[in-house]
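Below is one structure, written out as structure tokens; the observations come after it.
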Amino acid sequence: MSAPGTATGTPGNWWTVFANVPDCFDHAVQGFAFYRSPRRKLSPQLRELGQLRAGYARGSRFVFSQHCKAARSVGLSEEKVQAIKAWSVATCFSPVERAVLAYTDCLVLEGGRVPEGVFDALRAELDETEILELTYVTCTYDLHAVMCRALRLEYDDVDDPVTEVPAPASASADVMAVVDRSAE
């Protein structure tokens with residue numbers, strides 16, 4: 001292949017890496033078919049909110065970027081796509097969208113610890129089938145985000161931005177010495 005990559009501009013290495021284990025590849029692709037199936041009861045807009053927020057919350061540039069595009073393709077406004085990073089203070093989301101986003105944060109950032117109030121808000125808007133579909137799809141995209149970062153695939157082939165910032169050469173090796181002096 002002389003021009004690797006995908007139609008959306010990604011390097012395309014997710015596909016080649018997953019293809020190294022054909023049944024893993026098949027399982028992942030079946031997951032894509034699952035969430036896009038017309039048999040899903042959960043609306044595509046709510047599904048994409050969960051996937052988009054999962055990508056952002058997990059810190060996967062690839063999942064976030066791809067689902068910005070997918071969110072627009074199912075009718076989410078540009079305002080909502082842009083507001084996903086600070087959804088909790090954005091005024092553009094409806095009550096059901098806010099419940100989905102709060103629940104997504106509990107799944108991704110809290111490892112599934114969902115306070116009763118968040119679950120009550122979700123249950124007020126969605127039925128059991130929609131909640132299960134949302135949970136499954138969102139957790140699947142948390143998995144994809146983690147795997148892309150760990151394997152450095154697609155747009156997640158970047159160094160961790162959290163690194164030590166060197167102190168000036170004249171600085172004390174004991175960074176807490178200033179605290180000790182202030183107690184005198």
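Letters A, B, ... go to the chains of the structure tokens in the order shown; residues in each chain start at 1; ligands are counted from 1 in the same order.
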So which residues touch segment 111-113 of chain A within 12 Å, counting only C-alpha atoms, skipping near sequence neighbours fewer than 4 positions away, as a tab-separated table (two decimals) with C-alpha atoms, in the first residue's frame?
```
chain	number	residue	atom	x	y	z
A	54	ALA	CA	-15.67	8.62	26.90
A	57	ALA	CA	-12.57	11.75	29.54
A	58	ARG	CA	-10.16	8.86	28.91
A	102	ALA	CA	-23.10	12.44	34.01
A	103	TYR	CA	-23.54	8.68	33.74
A	104	THR	CA	-20.71	8.46	31.18
A	105	ASP	CA	-18.39	10.29	33.57
A	106	CYS	CA	-19.31	7.80	36.30
A	107	LEU	CA	-18.53	4.89	33.98
A	117	GLY	CA	-28.94	10.62	42.00
A	118	VAL	CA	-27.16	10.16	38.67
A	119	PHE	CA	-28.84	6.81	38.08
A	135	THR	CA	-23.59	1.30	29.31
A	136	TYR	CA	-22.31	-1.37	26.93
A	138	THR	CA	-19.83	3.60	26.40
A	139	CYS	CA	-17.74	0.99	28.21
A	142	ASP	CA	-13.65	3.40	27.10
A	143	LEU	CA	-11.90	0.10	26.25
```
Please identify every residue of segment 66-181 of chain A that has at least one atom no farther than 9 Å from an atom of segment 30-35 of chain A, counting only C-alpha atoms, and for each give the shortest atom pair and the distance in Å to one decimal, arranged by chain then increasing number, as a tab-separated table.
```
residue	atom	partner	partner_atom	distance
A:Glu133	CA	A:Tyr35	CA	8.0
A:Tyr136	CA	A:Tyr35	CA	9.0
A:Val137	CA	A:Tyr35	CA	6.6
A:Thr140	CA	A:Gly31	CA	8.0
```
Selection above as a file: all heavy atoms, as a CSV table (one decimal), in the first residue's frame:
```csv
chain,number,residue,atom,x,y,z
A,133,GLU,N,-27.9,-0.5,26.7
A,133,GLU,CA,-27.2,-0.2,25.5
A,133,GLU,C,-26.2,0.9,25.7
A,133,GLU,O,-25.0,0.8,25.2
A,133,GLU,CB,-28.2,0.1,24.4
A,133,GLU,CG,-29.0,-1.1,23.9
A,133,GLU,CD,-30.0,-0.7,22.9
A,133,GLU,OE1,-30.1,0.5,22.4
A,133,GLU,OE2,-30.7,-1.6,22.4
A,136,TYR,N,-23.2,-0.5,27.7
A,136,TYR,CA,-22.3,-1.4,26.9
A,136,TYR,C,-21.5,-0.6,25.9
A,136,TYR,O,-20.3,-0.8,25.8
A,136,TYR,CB,-23.2,-2.4,26.2
A,136,TYR,CG,-22.4,-3.5,25.5
A,136,TYR,CD1,-21.8,-4.5,26.2
A,136,TYR,CD2,-22.2,-3.4,24.1
A,136,TYR,CE1,-21.0,-5.4,25.5
A,136,TYR,CE2,-21.5,-4.3,23.4
A,136,TYR,CZ,-20.9,-5.3,24.1
A,136,TYR,OH,-20.1,-6.3,23.4
A,137,VAL,N,-22.1,0.3,25.2
A,137,VAL,CA,-21.4,1.0,24.1
A,137,VAL,C,-20.4,2.0,24.7
A,137,VAL,O,-19.2,2.0,24.3
A,137,VAL,CB,-22.4,1.7,23.2
A,137,VAL,CG1,-21.7,2.7,22.3
A,137,VAL,CG2,-23.2,0.7,22.4
A,140,THR,N,-17.5,0.0,26.0
A,140,THR,CA,-16.7,-0.5,24.8
A,140,THR,C,-15.8,0.6,24.3
A,140,THR,O,-14.6,0.4,24.0
A,140,THR,CB,-17.6,-1.0,23.7
A,140,THR,OG1,-18.4,-2.0,24.2
A,140,THR,CG2,-16.9,-1.4,22.5
```
(request) Could you tell me which of A:Gly5, A:Pro161, A:Pro115, A:Gly50 comes closest to Trp87 of chain A if we count only C-alpha atoms? (result) A:Gly50
Check which residues of segment 40-79 of chain A sit at most 9 Å from segment 94-101 of chain A using only C-alpha atoms, and return one row each with the closest pair of atoms and their distance in Å to one decimal, ordered by chain and rising number, as a tab-separated table.
```
residue	atom	partner	partner_atom	distance
A:Gln45	CA	A:Glu97	CA	8.9
A:Leu46	CA	A:Glu97	CA	6.6
A:Arg47	CA	A:Val100	CA	8.7
A:Leu49	CA	A:Leu101	CA	6.9
A:Gly50	CA	A:Leu101	CA	6.4
A:Arg53	CA	A:Leu101	CA	7.0
```
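Interatomic distance, atom CA of Cys148 of chain A against atom CA of Trp15 of chain A: 11.2 Å.
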(request) Would you list the contacts of Tyr141 of chain A as a list of chain:residue names, taking every protein, DNA or RNA residue within 8 Å and counting only C-alpha atoms, but skipping same-chain residues closer than 5 positions in sequence? (result) A:Gln51, A:Ala54, A:Gly55, A:Val63
Restricting it to C-alpha atoms, dump the selection as an mmCIF file, in the first residue's frame.
```cif
data_model
loop_
_atom_site.group_PDB
_atom_site.id
_atom_site.type_symbol
_atom_site.label_atom_id
_atom_site.label_comp_id
_atom_site.auth_asym_id
_atom_site.auth_seq_id
_atom_site.Cartn_x
_atom_site.Cartn_y
_atom_site.Cartn_z
ATOM 1 C CA GLN A 51 -18.760 7.672 23.009
ATOM 2 C CA ALA A 54 -15.667 8.616 26.902
ATOM 3 C CA GLY A 55 -12.942 9.462 24.379
ATOM 4 C CA VAL A 63 -11.643 8.148 19.973
#
```
(request) Give me every alpha helix (DSSP H) residue in segment 20-148 of chain A, going by DSSP on the backbone, as a count of residues only. (result) 95
(request) Work out how far atom CA of Val74 of chain A is from atom CA of Ser43 of chain A, in Å to one decimal. (result) 9.3 Å
